[in-house]
Structure formats: C-alpha cells, structure tokens
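Undergrad: One structure, as structure tokens, below. Some questions next.
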Amino acid sequence: GLFTTDQDGNPRCCILTENARGPTRDIHPRMPVVLGDGVKTWLDPEVQDRETLKREVKHLPSEKLNCRPVSARVNSPANDDERIIEKAD
C-alpha cells in the first residue's frame, strides 16, 4: 500500500488492487497490485498520466502465486507477527 499523513498528522493509506488471477480467484475477486521498481513512478507527484502508471504495474506470473490456509489470527491488526502467515493445520 501507499502511506502518508494528512495535514493534521493523521496516518492515511491505500492498497492498490486489480482483478484476481490464478489461484487467488478462488478466494477473492481482487488482489494487491505489485509495483516493484515502478513504485518510484507511482509516488512521483509530477506523473499524472494513467497509461504511464499502468505500464509500471508488474503482473506476477500465475505460477508464482500460491494459496494455503492460514490462521484466523490474520483477520486482526492486533496480531502483527510472522505466525499469522504460517500454514494452518
């Protein structure tokens, strides 16, 4: 996601998403966008052209995506440790 603070110092963020591909479609219709080095372009306030920004999106190959069950702990922001992404039994 992209993070900033507003003029009052409050944190603000957004998560860029796209249509789900590969095995993620079975879980949710949307998935996060991967920017890679393109993040520099996305964060440049001078770049306003949508087509330029779209070209910076890097679609991960479907074979690189995998799905596995994880703990319901992932649903709470209070749980902020590596265990939330461990494979559930």
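Chain labels run A, B, ... following the order of the structure tokens; each chain numbers its residues from 1, and ligands are numbered from 1 in the order shown.
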List the spatial neighbours of region 2-9 of chain A as a PDB file with C-alpha atoms, in the first residue's frame - criterion: any atom at most 10 Å away, only C-alpha atoms, same-chain residues fewer than 2 positions off excluded.

TA:
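Resulting contents of part.pdb:
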```
ATOM      1  CA  PRO A  11      -1.986   8.430   9.004  1.00  0.00           C
ATOM      2  CA  ARG A  12      -3.552   7.683   5.629  1.00  0.00           C
ATOM      3  CA  CYS A  13      -3.037   4.717   3.329  1.00  0.00           C
ATOM      4  CA  CYS A  14      -4.440   2.908   0.322  1.00  0.00           C
ATOM      5  CA  ILE A  15      -3.978  -0.532  -1.151  1.00  0.00           C
ATOM      6  CA  LEU A  16      -3.901  -0.771  -4.931  1.00  0.00           C
ATOM      7  CA  VAL A  39       6.734   2.440  -7.186  1.00  0.00           C
ATOM      8  CA  TRP A  42       3.646   5.958  -8.729  1.00  0.00           C
ATOM      9  CA  LEU A  43       4.998   8.151  -5.924  1.00  0.00           C
TER      10      LEU A  43
END
```

Undergrad: Among region 6-81 of chain A, which residues does DSSP mark as strand (DSSP E) when it is run on the backbone? Keep the chain and numbering as in the structure and answer as a list in words.

TA: Pro11, Arg12, Cys13, Cys14, Thr17, Glu18, Asn19, Arg30, Met31 and Pro32 of chain A

Undergrad: So, counting only C-alpha atoms, which residue among A:Glu82, A:Gly36, A:Arg55, A:Ile27 is closest to Pro69 (chain A)?

TA: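 The closest residue to Pro69 (chain A) is A:Ile27.
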
Undergrad: Which polymer residues have any atom within 12 Å of an atom of Arg68 (chain A), counting only C-alpha atoms, with same-chain residues fewer than 5 positions away left out, as a compact mmCIF listing (two decimals) with all heavy atoms, in the first residue's frame?

TA:
```
# COMPACT_ATOMS: atom_id res chain seq x y z
N PRO A 23 -4.75 -18.84 -8.83
CA PRO A 23 -5.45 -19.50 -7.73
C PRO A 23 -6.12 -18.51 -6.76
O PRO A 23 -7.02 -18.90 -6.02
CB PRO A 23 -4.35 -20.29 -7.02
CG PRO A 23 -3.08 -19.60 -7.38
CD PRO A 23 -3.30 -19.06 -8.77
N THR A 24 -5.74 -17.26 -6.81
CA THR A 24 -6.36 -16.28 -5.89
C THR A 24 -7.82 -16.02 -6.23
O THR A 24 -8.59 -15.61 -5.37
CB THR A 24 -5.59 -14.95 -5.89
OG1 THR A 24 -5.60 -14.39 -7.19
CG2 THR A 24 -4.16 -15.14 -5.41
N ASP A 26 -10.12 -18.04 -6.52
CA ASP A 26 -10.99 -18.92 -5.72
C ASP A 26 -11.22 -18.36 -4.32
O ASP A 26 -12.08 -18.85 -3.60
CB ASP A 26 -10.38 -20.32 -5.61
CG ASP A 26 -10.30 -21.02 -6.95
OD1 ASP A 26 -11.11 -20.69 -7.85
OD2 ASP A 26 -9.42 -21.88 -7.11
N ILE A 27 -10.44 -17.37 -3.93
CA ILE A 27 -10.53 -16.82 -2.57
C ILE A 27 -11.22 -15.46 -2.55
O ILE A 27 -12.04 -15.18 -1.70
CB ILE A 27 -9.11 -16.70 -1.97
CG1 ILE A 27 -8.49 -18.08 -1.87
CG2 ILE A 27 -9.14 -16.00 -0.62
CD1 ILE A 27 -7.03 -18.05 -1.51
N ILE A 85 1.01 -15.82 9.06
CA ILE A 85 1.04 -16.35 7.69
C ILE A 85 1.53 -17.79 7.62
O ILE A 85 1.66 -18.35 6.53
CB ILE A 85 1.87 -15.45 6.74
CG1 ILE A 85 3.32 -15.37 7.17
CG2 ILE A 85 1.23 -14.08 6.61
CD1 ILE A 85 4.23 -14.70 6.16
N GLU A 86 1.77 -18.40 8.78
CA GLU A 86 2.15 -19.81 8.78
C GLU A 86 0.97 -20.65 8.33
O GLU A 86 -0.19 -20.32 8.61
CB GLU A 86 2.60 -20.24 10.19
CG GLU A 86 3.90 -19.63 10.61
CD GLU A 86 4.27 -19.99 12.04
OE1 GLU A 86 3.47 -20.66 12.73
OE2 GLU A 86 5.35 -19.58 12.47
N LYS A 87 1.25 -21.73 7.65
CA LYS A 87 0.20 -22.62 7.17
C LYS A 87 -0.58 -23.19 8.34
O LYS A 87 0.00 -23.67 9.32
CB LYS A 87 0.79 -23.75 6.31
CG LYS A 87 -0.25 -24.61 5.67
CD LYS A 87 0.36 -25.61 4.73
CE LYS A 87 -0.76 -26.43 4.10
NZ LYS A 87 -0.26 -27.36 3.13
N ALA A 88 -1.89 -23.12 8.24
CA ALA A 88 -2.75 -23.68 9.29
C ALA A 88 -2.88 -25.18 9.10
O ALA A 88 -2.77 -25.69 7.99
CB ALA A 88 -4.13 -23.01 9.25
N ASP A 89 -3.12 -25.86 10.20
CA ASP A 89 -3.29 -27.33 10.13
C ASP A 89 -4.61 -27.71 9.54
O ASP A 89 -5.57 -27.08 9.56
CB ASP A 89 -3.16 -27.94 11.52
CG ASP A 89 -1.74 -27.74 12.09
OD1 ASP A 89 -0.80 -27.75 11.29
OD2 ASP A 89 -1.64 -27.58 13.30
```

Undergrad: Can you list, as a VMD selection string, every protein, DNA or RNA residue that comes within 6 Å of Val74 (chain A) when you count only C-alpha atoms, leaving out same-chain residues fewer than 2 positions away?

TA: chain A and resid 72 76 84

Undergrad: Quick one: residues within 9 Å of Pro61 (chain A), only C-alpha atoms counted, chain neighbours fewer than 3 positions away excluded, as a list in words?

TA: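 Here the qualifying residues turn out to be Arg21, Gly22, Lys64 and Leu65 of chain A.
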
Undergrad: Can those selected residues be exported to a file as an mmCIF file, in the first residue's frame so that it contains all heavy atoms?

TA:
```
data_model
loop_
_atom_site.group_PDB
_atom_site.id
_atom_site.type_symbol
_atom_site.label_atom_id
_atom_site.label_comp_id
_atom_site.auth_asym_id
_atom_site.auth_seq_id
_atom_site.Cartn_x
_atom_site.Cartn_y
_atom_site.Cartn_z
ATOM 1 N N ARG A 21 -6.139 -13.117 -10.197
ATOM 2 C CA ARG A 21 -5.694 -14.033 -11.244
ATOM 3 C C ARG A 21 -5.247 -15.335 -10.600
ATOM 4 O O ARG A 21 -4.953 -15.382 -9.409
ATOM 5 C CB ARG A 21 -4.524 -13.425 -12.020
ATOM 6 C CG ARG A 21 -4.894 -12.216 -12.843
ATOM 7 C CD ARG A 21 -3.706 -11.560 -13.532
ATOM 8 N NE ARG A 21 -2.831 -10.919 -12.560
ATOM 9 C CZ ARG A 21 -1.657 -11.406 -12.163
ATOM 10 N NH1 ARG A 21 -1.189 -12.516 -12.649
ATOM 11 N NH2 ARG A 21 -0.930 -10.764 -11.276
ATOM 12 N N GLY A 22 -5.139 -16.366 -11.417
ATOM 13 C CA GLY A 22 -4.620 -17.638 -10.926
ATOM 14 C C GLY A 22 -5.431 -18.177 -9.753
ATOM 15 O O GLY A 22 -6.640 -17.976 -9.678
ATOM 16 N N LYS A 64 3.610 -18.241 -9.914
ATOM 17 C CA LYS A 64 4.310 -17.740 -8.716
ATOM 18 C C LYS A 64 3.350 -17.514 -7.550
ATOM 19 O O LYS A 64 3.775 -17.263 -6.437
ATOM 20 C CB LYS A 64 5.023 -16.432 -9.033
ATOM 21 C CG LYS A 64 6.142 -16.595 -10.010
ATOM 22 C CD LYS A 64 7.391 -16.096 -9.399
ATOM 23 C CE LYS A 64 8.527 -16.267 -10.395
ATOM 24 N NZ LYS A 64 9.752 -16.485 -9.749
ATOM 25 N N LEU A 65 2.048 -17.543 -7.828
ATOM 26 C CA LEU A 65 1.048 -17.339 -6.792
ATOM 27 C C LEU A 65 0.661 -18.681 -6.193
ATOM 28 O O LEU A 65 0.480 -19.661 -6.913
ATOM 29 C CB LEU A 65 -0.193 -16.665 -7.387
ATOM 30 C CG LEU A 65 0.040 -15.334 -8.097
ATOM 31 C CD1 LEU A 65 -1.242 -14.883 -8.781
ATOM 32 C CD2 LEU A 65 0.525 -14.284 -7.119
#
```

Undergrad: Give me, please, the distance in Å between CA of Pro29 (chain A) and CA of Thr17 (chain A), quoted to one decimal.

TA: 9.8 Å

Undergrad: To one decimal in Å, tell me the separation between CA of Glu51 (chain A) and CA of Val33 (chain A).

TA: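 So the answer is 15.3 Å.
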
Undergrad: Would you please give, as a ChimeraX atom specification, all residues of chain A that DSSP assigns to helix (DSSP H, G or I) based on the backbone?

TA: /A:22-26,36-43,50-55,62-64,72-75,82-85

Undergrad: In Å, how far is it from CA of Arg83 (chain A) to CA of Cys67 (chain A)?

TA: 16.0 Å

Undergrad: Within 10 Å of Val34 (chain A), counting only C-alpha atoms, which residues qualify if same-chain residues fewer than 5 places away don't, as a list in words?

TA: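 These residues fall inside the cut-off: Gly1, Leu16, Thr17, Glu18, Val39, Glu56, Val57, Lys58, His59 and Leu60 of chain A.
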